[in-house]
Structures are given as C-alpha cells and as structure tokens.
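Take a look at the structure set out below.
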Amino acid sequence: MRSSEMADEVTLYADGRSPFVCRVKIALNMKGIKYKNMEEDLQNKSGALLNYNPVHKKVPVLVHNGNPILESLVIVEYLDNVWERVPILPQDPYEKAAARFWAKFIDDKCIPALYKVFSSKGEEEQVITEACEQLQILEDELELKGKKFFGGDNINLVDIAADFIAYWLQLLEEATEMKLVTRSKFPKITEWAEGFVNCQVVKEMLPPRAIMLAYYKNRFGKI
Amino acid sequence: MAEKVKLYGVEVSPFVCRVKYALNLKGVNYEFIQEDLDNKSPDLLKYNPVLKNVPVLRLLHNGNPISESLVIIEYIDDVWKGVPIMPKDAYEKAQARFWAKFFVDKCHPAIFKAIGSHGEKQDVAEAHEHLQFLENELNVKGSKFFGGDNMGLIDICATFIGYWVGAAEEALGIEVVTKDKFPKVIEWAHNCINCQVVKDDLPSRESLIAYYTRRFGKA
C-alpha cells in the first residue's frame with residue numbers, strides 16, 4: 001500500500017461502453033485501486049469533464065487528488081507509475097519500449113483500420129484488406145511470442161490496449177453481421193481474445209453484451 | 001557507456017531529428033545510417049518489419065531495434081542517465097506524455113496538411129485550432145520550455161515548428177504558423193531550436209527548402 005493511499009482521491013470520468021475507458025478500469029482493477037466512477041452523458045457533457053479536458057472534451061479522464069490525467073494509455077502508465085503493485089509495463093527498458101510500440105500500433109493503425117471497415121459499411125474491399133493486414137501483424141506477433149497474452153503469462157499494456165479487439169470487435173461483427181476475425185483466419189487472436197475476456201480483472205469491467213449490441217445495431221445497422 | 005548505437009533515418013526528417021536531439025542531450029555517440037525511402041535497405045525492413053519506416057534505433061550490444069520516435073526517446077531516457085528528458089514526478093510525466101501526444105497526433109499532422117495544401121483555408125484553420133491550445137498553455141506556464149527550464153519530450157518535437165515549418169513556408173510562399181496569432185508558440189519553438197544539441201544538428205535550410213519544393217511545389 002502506498003503511504004498516502006488512505007488519503008488518495010481517485011475519480012474516473014467515464015462512459016461504461018467505451019473500450020478506452022475500459023482500459024483504465026482494467027488497470028484500476030488490476031491494482032485494486034478504489035475510485036469513484038462518474039458516468040458521463042456524452043451528448044450532454046458535465047462541466048467537470050469540460051473543465052478537466054478542454055482540449056479533447058473526451059472520456060476517460062482520471063482525477064487523482066485534484067490532478068486530471070487524460071488519454072487512456074497515458075492514464076494507464078500513470079497508474080503503473082504511482083501504484084507499483086501488479087505491474088502493467090515490463091521493467092526492462094527494451095521490453096517496455098516494445099510494449100509501448102505495440103500499444104501505439106494498436107491505437108494508431110489497428111483500431112482506426114477496423115472502425116473504417118464498419119463505418120464504410122464494408123463496401124470497400126481495400127478497407128477490409130487493410131484491416132486484415134493489421135490484424136495479421138498482431139496474429140504473427142502472438143504466434144512469435146507463443147504465450148497466452150502479449151504480456152506473456154499475464155496481461156500487460158499491450159493486451160489492455162487491444163481490449164477493443166478482444167471484446168467490442170466481435171460485438172460489432174455480430175451487430176452488423178459482418179465477420180472479420182474468424183477462428184480459421186486468425187486462430188491466435190481468437191484464442192488470445194477468449195483468454196483476455198475471461199481474466200477476472202477484465203471480465204468485471206466489460207459492459208454487458210446486450211448494451212453494446214444495441215448500441216452498434218443502432219449506430220451501424222446491418223451490413 | 002561504450003555502447004554502439006545505430007540510428008536509421010533520413011537527414012531531412014523531423015521525426016528522425018527528434019531522436020538525434022534526444023541522443024545529443026544524453027551525449028550518446030551513434031552511427032547514422034542514411035536511408036533511401038524509395039529503396040529501403042534490407043536492414044531497415046528487417047529491423048522495422050511492422051511499419052517499414054524511419055527512425056529506427058538499434059543498440060548493437062543486444063541488437064534490439066526500436067521504432068516510433070516517441071517510444072525511442074523514452075527508451076533513450078530510460079537507458080542513459082544524465083540529462084533527464086522525462087520529469088521524475090508521475091503527474092508531470094503524464095502531462096508531458098499528454099502534450100507530446102497532442103503535438104504529434106494533432107498539431108504536427110495538421111500543420112503538415114496545411115503545408116501540403118499550400119495553405120488551404122480550412123487546413124490552416126484546423127492547424128490554428130490545435131495551435132491555440134499550445135498558445136494558451138504557454139501563456140499560462142510562462143516558462144522557456146513546455147515543462148520548465150529544460151527541454152522535454154514536446155520541446156524536442158516542437159523543433160518542427162521552429163525550423164521545418166519556416167523552410168516549408170518559404171519554399172511554398174505561404175504562412176501557416178502566423179506570427180502575430182501565435183507569438184508564444186513561435187518564441188517557444190525558437191527556444192527549442194536554439195538549444196546547442198539542436199542548433200548544431202539541423203539539416204541545412206537549403207536541403208529542407210529543396211525537399212518541400214520537390215514534394216509540394218507547383219510544377
């Protein structure tokens with residue numbers, strides 16, 4: 001326990017449906033950090049949220065003893081710095097850099113490529129090809145590592161960053177009736193995803209399937 | 001440290017230069033391998049198979065390659081002690097990462113887009129929107145660099161505004177980072193450029209002007 005832990009005030013401005021918010025929740029859960037969850041209505045953002053995140057006006061925002069921290073992966077690294085138990089990043093500088101590289105790859109390349117498939121209604125073959133290319137890179141990395149998770153035997157920053165792929169993606173596929181990640185095409189990703197969503201610290205934080213299905217059906221419809 | 005370090009890059013790239021400045025801050029000697037991005041070396045493709053781009057840093061004692069400039073810079077800060085690039089305090093570190101990410105994800109691409117479109121009104125407006133946040137923050141901070149008295153992560157990235165943007169503006173006869181609108185940003189960017197570790201290691205202005213003319217100039 002941190003010496004000042006009893007006095008720590010941690011508040012998370014959140015939307016329970018968001019995979020980015022979930023990254024932070026998983027990290028908080030892994031470390032057993034007590035926090036207050038402030039659920040935001042993103043159509044009607046609170047004054048507090050706009051005050052703490054004037055640049056992006058988005059969730060998640062973590063406020064620790066009055067100090068706001070923004071950007072899901074920045075928050076996760078912050079939690080890892082402040083609460084050292086159950087480490088999320090590797091200690092070794094090279095392994096740490098590798099983890100950051102993969103987390104960034106997932107954020108900058110994979111997730112946008114995947115969203116594009118669904119927002120373009122799967123109509124453009126090029127968009128699908130590109131998304132599958134990014135997924136193949138992750139598939140190859142899992143194959144190379146030969147472990148249960150990107151982090152080895154336990155989840156780390158990369159697994160947490162990829163939470164969208166493990167859970168939300170398949171719900172998006174179900175809602176739109178459009179399958180990208182099949183077990184035959186991406187066996188390693190499929191296996192990894194099953195392992196990830198079944199982790200206790202993750203399972204407890206995921207939004208209910210029904211809510212996400214309804215949200216995606218409403219947003220994207222059948223493709 | 002008698003480490004052998006190799007940096008794969010192109011001289012004119014602001015992303016590659018970010019890494020150079022981090023290495024310079026730490027006083028690390030390195031070998032620079034100039035790449036031809038139209039004809040990438042087998043080494044580059046081997047050491048960055050995922051993204052196939054520069055910069056890539058390799059420490060020869062363990063051979064491990066690292067790519068993505070911000071990831072490389074944090075790695076450099078972890079491995080070599082001496083002049084710190086990241087703050088020690090966890091909250092300040094988070095702030096540094098947030099602002100560097102904002103610069104790299106929003107400001108830099110928006111400015112680059114406005115350059116590429118020869119100062120198209122909509123593109124410039126978007127760049128200005130992002131720059132305004134920096135201007136406001138610098139106004140509040142009142143320090144020489146974003147994090148205080150010493151160069152940090154975002155300052156290293158902001159060398160783009162202090163040098164590359166000026167060359168691009170001259171090459172194409174446009175103005176993107178308007179001086180009267182963003183006096184604090186301009187002042188800060190020049191502070192970054194005037195650091196010894198940067199000043200002595202900039203690509204020649206002629207090469208930058210030639211690059212921007214070649215890439216975006218009117219035929």
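Following the order of the structure tokens, first chain is A, next is B, and so on, with residues numbered from 1 inside each chain and ligands from 1 in the order they appear.
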task: Can you check which residues of chain A have any atom within 7 Å of chain B? Use only C-alpha atoms and format it as a ChimeraX atom specification.
output: /A:55,69-71,74,78,81-82,93,97,100-101
query: Which polymer residues have any atom within 9 Å of an atom of region 147-149 of chain B, counting only C-alpha atoms, with same-chain residues fewer than 3 positions away left out, as a PyMOL selection string?
result: chain B and resi 87+92+95-96+141-144+152-155
task: Check the DSSP output for the backbone and give back, as a list in words, the residues of region 25-153 of chain A in strand (DSSP E).
output: Lys36, Asn37, Met38, Glu39, Val61, Leu62, Val63, His64, Asn67, Pro68, Ile69 and Leu70 of chain A
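One finds CA of Leu172 (chain B) at 7.6 Å from CA of Phe216 (chain B).
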message: Using DSSP assignments from the backbone, pull out every residue in region 145-194 of chain B that falls under alpha helix (DSSP H) and give it to me as JSON, numbers by chain.
response: {"B": [153, 154, 155, 156, 157, 159, 165, 166, 167, 168, 169, 170, 171, 172, 183, 184, 185, 186, 187, 188, 189, 190, 191, 192, 193]}
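Atom pair CA of Asn218 (chain A) / CA of Phe164 (chain A): separated by 18.5 Å.
Non-sequential neighbours of Ala168 (chain B) (distance at most 8 Å, separation of 2 or more positions within a chain, only C-alpha atoms) are B:Ile115, B:Trp164, B:Val165, B:Gly166, B:Glu170, B:Ala171, B:Leu172, B:Leu208, B:Ile209, B:Tyr212, B:Thr213.
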Keeping only N, CA, C and O atoms, write the selected residues to a file as a CSV table (one decimal), in the first residue's frame.
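Here's the written file again_6.csv:
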```
chain,number,residue,atom,x,y,z
B,115,ILE,N,0.5,22.7,-45.0
B,115,ILE,CA,1.7,22.9,-45.9
B,115,ILE,C,1.4,22.3,-47.3
B,115,ILE,O,1.6,22.8,-48.3
B,164,TRP,N,11.5,23.5,-39.5
B,164,TRP,CA,11.0,22.9,-40.7
B,164,TRP,C,9.8,23.7,-41.3
B,164,TRP,O,9.8,23.9,-42.5
B,165,VAL,N,9.0,24.2,-40.4
B,165,VAL,CA,7.8,25.0,-40.9
B,165,VAL,C,8.2,26.2,-41.7
B,165,VAL,O,7.7,26.5,-42.7
B,166,GLY,N,9.2,26.9,-41.1
B,166,GLY,CA,9.7,28.2,-41.7
B,166,GLY,C,10.3,27.9,-43.1
B,166,GLY,O,10.0,28.6,-44.1
B,170,GLU,N,8.7,29.2,-46.7
B,170,GLU,CA,9.5,29.9,-47.6
B,170,GLU,C,9.4,29.3,-49.0
B,170,GLU,O,9.2,29.9,-50.0
B,171,ALA,N,9.6,27.9,-49.0
B,171,ALA,CA,9.6,27.2,-50.2
B,171,ALA,C,8.3,27.4,-51.0
B,171,ALA,O,8.3,27.4,-52.2
B,172,LEU,N,7.2,27.5,-50.3
B,172,LEU,CA,5.9,27.5,-51.0
B,172,LEU,C,5.2,28.8,-51.0
B,172,LEU,O,4.1,29.0,-51.5
B,208,LEU,N,16.1,21.5,-46.9
B,208,LEU,CA,14.7,21.5,-46.5
B,208,LEU,C,13.8,22.2,-47.5
B,208,LEU,O,12.8,21.7,-47.9
B,209,ILE,N,14.3,23.4,-48.0
B,209,ILE,CA,13.6,24.1,-49.0
B,209,ILE,C,13.5,23.3,-50.3
B,209,ILE,O,12.4,23.2,-50.9
B,212,TYR,N,10.8,20.5,-49.7
B,212,TYR,CA,9.4,20.9,-49.7
B,212,TYR,C,9.0,21.4,-51.1
B,212,TYR,O,7.9,21.1,-51.5
B,213,THR,N,10.0,22.0,-51.8
B,213,THR,CA,9.7,22.4,-53.2
B,213,THR,C,9.4,21.2,-54.0
B,213,THR,O,8.4,21.1,-54.8
```
- request: For region 27-39 of chain B, work out the shell of residues within 8 Å, counting only C-alpha atoms and skipping chain neighbours fewer than 6 positions away, then give it as a ChimeraX atom specification.
  value: /B:4-11,53
Dump C-alpha atoms for the selected residues as a PDB file, in the first residue's frame?
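To be explicit, this is the file written out as out.pdb:
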```
ATOM      1  CA  LYS B   4      27.480   1.053 -30.199  1.00  0.00           C
ATOM      2  CA  VAL B   5      24.320   2.733 -31.352  1.00  0.00           C
ATOM      3  CA  LYS B   6      22.912   2.928 -34.878  1.00  0.00           C
ATOM      4  CA  LEU B   7      20.192   5.290 -35.996  1.00  0.00           C
ATOM      5  CA  TYR B   8      18.490   4.579 -39.311  1.00  0.00           C
ATOM      6  CA  GLY B   9      16.903   7.640 -40.839  1.00  0.00           C
ATOM      7  CA  VAL B  10      16.815  10.418 -43.386  1.00  0.00           C
ATOM      8  CA  GLU B  11      18.549  13.727 -42.729  1.00  0.00           C
ATOM      9  CA  ASN B  53       9.789   3.405 -41.713  1.00  0.00           C
TER      10      ASN B  53
END
```
- request: Write out as a PyMOL selection string each polymer residue whose atoms come within 8 Å of region 131-147 of chain A, counting only C-alpha atoms; drop sequence neighbours fewer than 3 positions from it.
  value: (chain A and resi 109-110+113-114+117+127-128+150+152-153+180+186-189) or (chain B and resi 50)
field: Residues near Lys179 (chain A), cut-off 12 Å, only C-alpha atoms, skip fewer than 4 positions along chain, as a PyMOL selection string
entry: chain A and resi 114+117-118+122+128+131-132+169-175+183-186+222-223
Spatial neighbours of Leu42 (chain A), max dist 9 Å, only C-alpha atoms, sep filter under 2 positions, as a ChimeraX atom specification: /A:15,40,44-46,58-59
Any chance you can output those residues with N, CA and C atoms as a tab-separated table (two decimals), in the first residue's frame?
```tsv
chain	number	residue	atom	x	y	z
A	15	ASP	N	-17.48	6.51	-19.61
A	15	ASP	CA	-18.67	6.01	-20.29
A	15	ASP	C	-18.45	4.50	-20.31
A	40	GLU	N	-20.59	9.69	-17.59
A	40	GLU	CA	-20.90	10.87	-18.37
A	40	GLU	C	-21.95	10.57	-19.44
A	44	ASN	N	-24.29	15.30	-23.46
A	44	ASN	CA	-24.53	16.40	-22.52
A	44	ASN	C	-23.42	16.37	-21.47
A	45	LYS	N	-22.22	16.74	-21.92
A	45	LYS	CA	-21.04	16.55	-21.06
A	45	LYS	C	-21.07	17.46	-19.84
A	46	SER	N	-20.59	16.93	-18.73
A	46	SER	CA	-20.63	17.69	-17.49
A	46	SER	C	-19.62	18.84	-17.53
A	58	LYS	N	-13.10	14.65	-23.90
A	58	LYS	CA	-13.48	13.23	-24.01
A	58	LYS	C	-13.26	12.49	-22.69
A	59	VAL	N	-13.87	11.31	-22.61
A	59	VAL	CA	-13.55	10.36	-21.55
A	59	VAL	C	-12.57	9.35	-22.15
```
query: So what do you get for CA of Thr11 (chain A) versus CA of Pro68 (chain A), distance-wise?
result: 9.2 Å
